[in-house]
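For reference, the structure is listed below as structure tokens.
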Amino acid sequence: MSGKILSADFSLDDLVNEMKEGRRDLGCIVAFIGIVRGDEGVKGMNVRVDNEKISDALESLCVETKRKFEIADVKIVLKKGYLSVGEKIDAILVSAAHRKDAFKACEFVVDKLKMGAVPIKDEEIRE
């Protein structure tokens, strides 16, 4: 289980490879990638995090997800700083023996992030 905060871009392939490393019991990895959407004059997004609280919140969310669903692992990657339209904002990856558990767990994490389970503040930057 892990949560990361990054200022730079990330590779989905690298995240998948990290999750698969040393595992022979996985049947799937489900991934969600959030991107900055350019609706109605949006040119970007500024994402701020509370560095003191974010690590514990991410770890807590990972533990809760693993306890609630039959999954092998969960990884949450969040970007901070200014992000342009089309850039990746976050990635949630869930590995499991079976896809249904992985899909449910991934949706759970995305919903929890949207509901504020992790101290993130995002502000749309408009033209």
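Lettering and numbering for the structure tokens are positional, with chains as A, B, ... in the shown order, residues counted from 1 in each chain, and ligands counted from 1 in the shown order.
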If you run DSSP on this backbone, which residues of segment 17-52 of chain A come out as alpha helix (DSSP H), and could you give them as an MDAnalysis selection string? chainID A and resid 17:20 51:52
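You will find atom CA of Ser95 of chain A at 14.0 Å from atom CA of Asp13 of chain A.
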Pick out the residues sitting within 9 Å of Tyr82 of chain A, and hand them over as a PyMOL selection string; count only C-alpha atoms, and ignore anything fewer than 6 positions along from it in its own chain. chain A and resi 7+44-48
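Between Leu26 of chain A and the candidates A:Thr65, A:Ile76, A:Phe10, A:Ala97, the tightest atom-to-atom separation, counting only C-alpha atoms, involves A:Ala97.
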Using only C-alpha atoms, pick whichever of A:Val36, A:Cys106, A:Leu113, A:Lys4 has the shortest atom-to-atom distance to Ser55 of chain A. A:Lys4
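Summary of the local environment: counting only C-alpha atoms, residues at most 12 Å from Glu18 of chain A, other than itself and those fewer than 5 positions away along its chain, are Met1, Ser2, Ser11, Leu12, Asp13, Arg23, Ile29, Asp73, Val74, Lys75, Leu93, Val94 and Ser95 of chain A.
Between atom CA of Gly116 of chain A and atom CA of Val63 of chain A there is a distance of 16.4 Å.
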Enumerate the residues of segment 5-105 of chain A with a DSSP assignment of strand (DSSP E or B), computed from the backbone, and present them as an MDAnalysis selection string. chainID A and resid 5:6 28:35 42:49 73:79 81:84 88:96
Given the selection you just returned, output its residues as a file containing N, CA and C atoms, formatted as a short mmCIF file (atom, residue, chain, number, x, y, z; two decimals), in the first residue's frame.
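File part_34.cif, as written:
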data_model
loop_
_atom_site.label_atom_id
_atom_site.label_comp_id
_atom_site.auth_asym_id
_atom_site.auth_seq_id
_atom_site.Cartn_x
_atom_site.Cartn_y
_atom_site.Cartn_z
N ILE A 5 2.87 11.83 -3.30
CA ILE A 5 2.59 13.18 -3.79
C ILE A 5 3.76 13.57 -4.68
N LEU A 6 3.47 13.96 -5.90
CA LEU A 6 4.51 14.30 -6.86
C LEU A 6 4.31 15.69 -7.42
N CYS A 28 -5.38 -9.19 -11.90
CA CYS A 28 -5.64 -7.94 -12.58
C CYS A 28 -5.07 -6.76 -11.81
N ILE A 29 -4.90 -5.68 -12.54
CA ILE A 29 -4.64 -4.37 -11.96
C ILE A 29 -5.60 -3.42 -12.64
N VAL A 30 -6.41 -2.76 -11.84
CA VAL A 30 -7.35 -1.76 -12.35
C VAL A 30 -6.75 -0.39 -12.08
N ALA A 31 -6.79 0.50 -13.08
CA ALA A 31 -6.21 1.83 -12.93
C ALA A 31 -7.21 2.91 -13.31
N PHE A 32 -7.20 3.97 -12.54
CA PHE A 32 -7.96 5.18 -12.85
C PHE A 32 -6.94 6.30 -12.97
N ILE A 33 -7.01 7.06 -14.05
CA ILE A 33 -6.15 8.23 -14.25
C ILE A 33 -7.05 9.44 -14.39
N GLY A 34 -6.92 10.39 -13.48
CA GLY A 34 -7.67 11.64 -13.58
C GLY A 34 -6.86 12.65 -14.37
N ILE A 35 -7.51 13.41 -15.25
CA ILE A 35 -6.83 14.43 -16.03
C ILE A 35 -7.57 15.76 -15.91
N VAL A 42 -11.54 26.77 -18.88
CA VAL A 42 -10.51 26.33 -17.94
C VAL A 42 -9.21 26.12 -18.71
N LYS A 43 -8.12 26.73 -18.23
CA LYS A 43 -6.82 26.54 -18.88
C LYS A 43 -5.87 25.71 -18.03
N GLY A 44 -6.25 25.47 -16.79
CA GLY A 44 -5.42 24.65 -15.92
C GLY A 44 -6.01 24.54 -14.53
N MET A 45 -5.22 23.97 -13.65
CA MET A 45 -5.66 23.76 -12.27
C MET A 45 -4.46 23.90 -11.35
N ASN A 46 -4.68 24.52 -10.22
CA ASN A 46 -3.65 24.60 -9.20
C ASN A 46 -4.06 23.66 -8.07
N VAL A 47 -3.20 22.69 -7.78
CA VAL A 47 -3.49 21.70 -6.75
C VAL A 47 -2.54 21.92 -5.58
N ARG A 48 -3.13 22.13 -4.40
CA ARG A 48 -2.34 22.32 -3.18
C ARG A 48 -2.67 21.19 -2.20
N VAL A 49 -1.66 20.79 -1.46
CA VAL A 49 -1.85 19.75 -0.45
C VAL A 49 -1.30 20.23 0.87
N ASP A 73 -3.40 -5.04 -3.23
CA ASP A 73 -2.70 -3.79 -2.96
C ASP A 73 -3.46 -2.61 -3.57
N VAL A 74 -3.15 -1.42 -3.05
CA VAL A 74 -3.70 -0.18 -3.60
C VAL A 74 -2.59 0.86 -3.60
N LYS A 75 -2.54 1.64 -4.66
CA LYS A 75 -1.54 2.69 -4.80
C LYS A 75 -2.26 3.96 -5.24
N ILE A 76 -1.98 5.07 -4.56
CA ILE A 76 -2.57 6.36 -4.88
C ILE A 76 -1.44 7.35 -5.16
N VAL A 77 -1.49 7.96 -6.33
CA VAL A 77 -0.49 8.96 -6.71
C VAL A 77 -1.22 10.26 -7.02
N LEU A 78 -0.82 11.34 -6.35
CA LEU A 78 -1.43 12.65 -6.55
C LEU A 78 -0.37 13.64 -6.98
N LYS A 79 -0.72 14.48 -7.95
CA LYS A 79 0.21 15.54 -8.36
C LYS A 79 -0.21 16.84 -7.70
N GLY A 81 0.69 21.28 -7.53
CA GLY A 81 1.23 22.38 -8.31
C GLY A 81 0.30 22.76 -9.44
N TYR A 82 0.82 23.51 -10.39
CA TYR A 82 0.02 23.94 -11.53
C TYR A 82 -0.01 22.83 -12.57
N LEU A 83 -1.21 22.49 -13.03
CA LEU A 83 -1.40 21.46 -14.05
C LEU A 83 -2.20 22.05 -15.20
N SER A 84 -1.73 21.85 -16.42
CA SER A 84 -2.42 22.33 -17.62
C SER A 84 -3.52 21.36 -18.03
N LYS A 88 -2.15 14.73 -16.30
CA LYS A 88 -2.65 13.80 -15.29
C LYS A 88 -2.67 14.50 -13.93
N ILE A 89 -3.76 14.30 -13.21
CA ILE A 89 -3.89 14.83 -11.85
C ILE A 89 -3.54 13.75 -10.83
N ASP A 90 -4.07 12.57 -11.06
CA ASP A 90 -3.88 11.49 -10.10
C ASP A 90 -3.97 10.14 -10.78
N ALA A 91 -3.56 9.13 -10.03
CA ALA A 91 -3.67 7.74 -10.47
C ALA A 91 -4.02 6.90 -9.25
N ILE A 92 -4.98 6.03 -9.45
CA ILE A 92 -5.32 5.05 -8.43
C ILE A 92 -5.19 3.69 -9.09
N LEU A 93 -4.38 2.83 -8.50
CA LEU A 93 -4.20 1.48 -9.01
C LEU A 93 -4.57 0.51 -7.92
N VAL A 94 -5.31 -0.54 -8.29
CA VAL A 94 -5.70 -1.57 -7.35
C VAL A 94 -5.41 -2.92 -7.98
N SER A 95 -4.69 -3.76 -7.25
CA SER A 95 -4.41 -5.12 -7.73
C SER A 95 -5.21 -6.11 -6.90
N ALA A 96 -5.61 -7.19 -7.57
CA ALA A 96 -6.41 -8.20 -6.90
C ALA A 96 -6.35 -9.51 -7.68
#
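What separates atom CA of Gly41 of chain A from atom CA of Asp111 of chain A is a distance of 25.5 Å.
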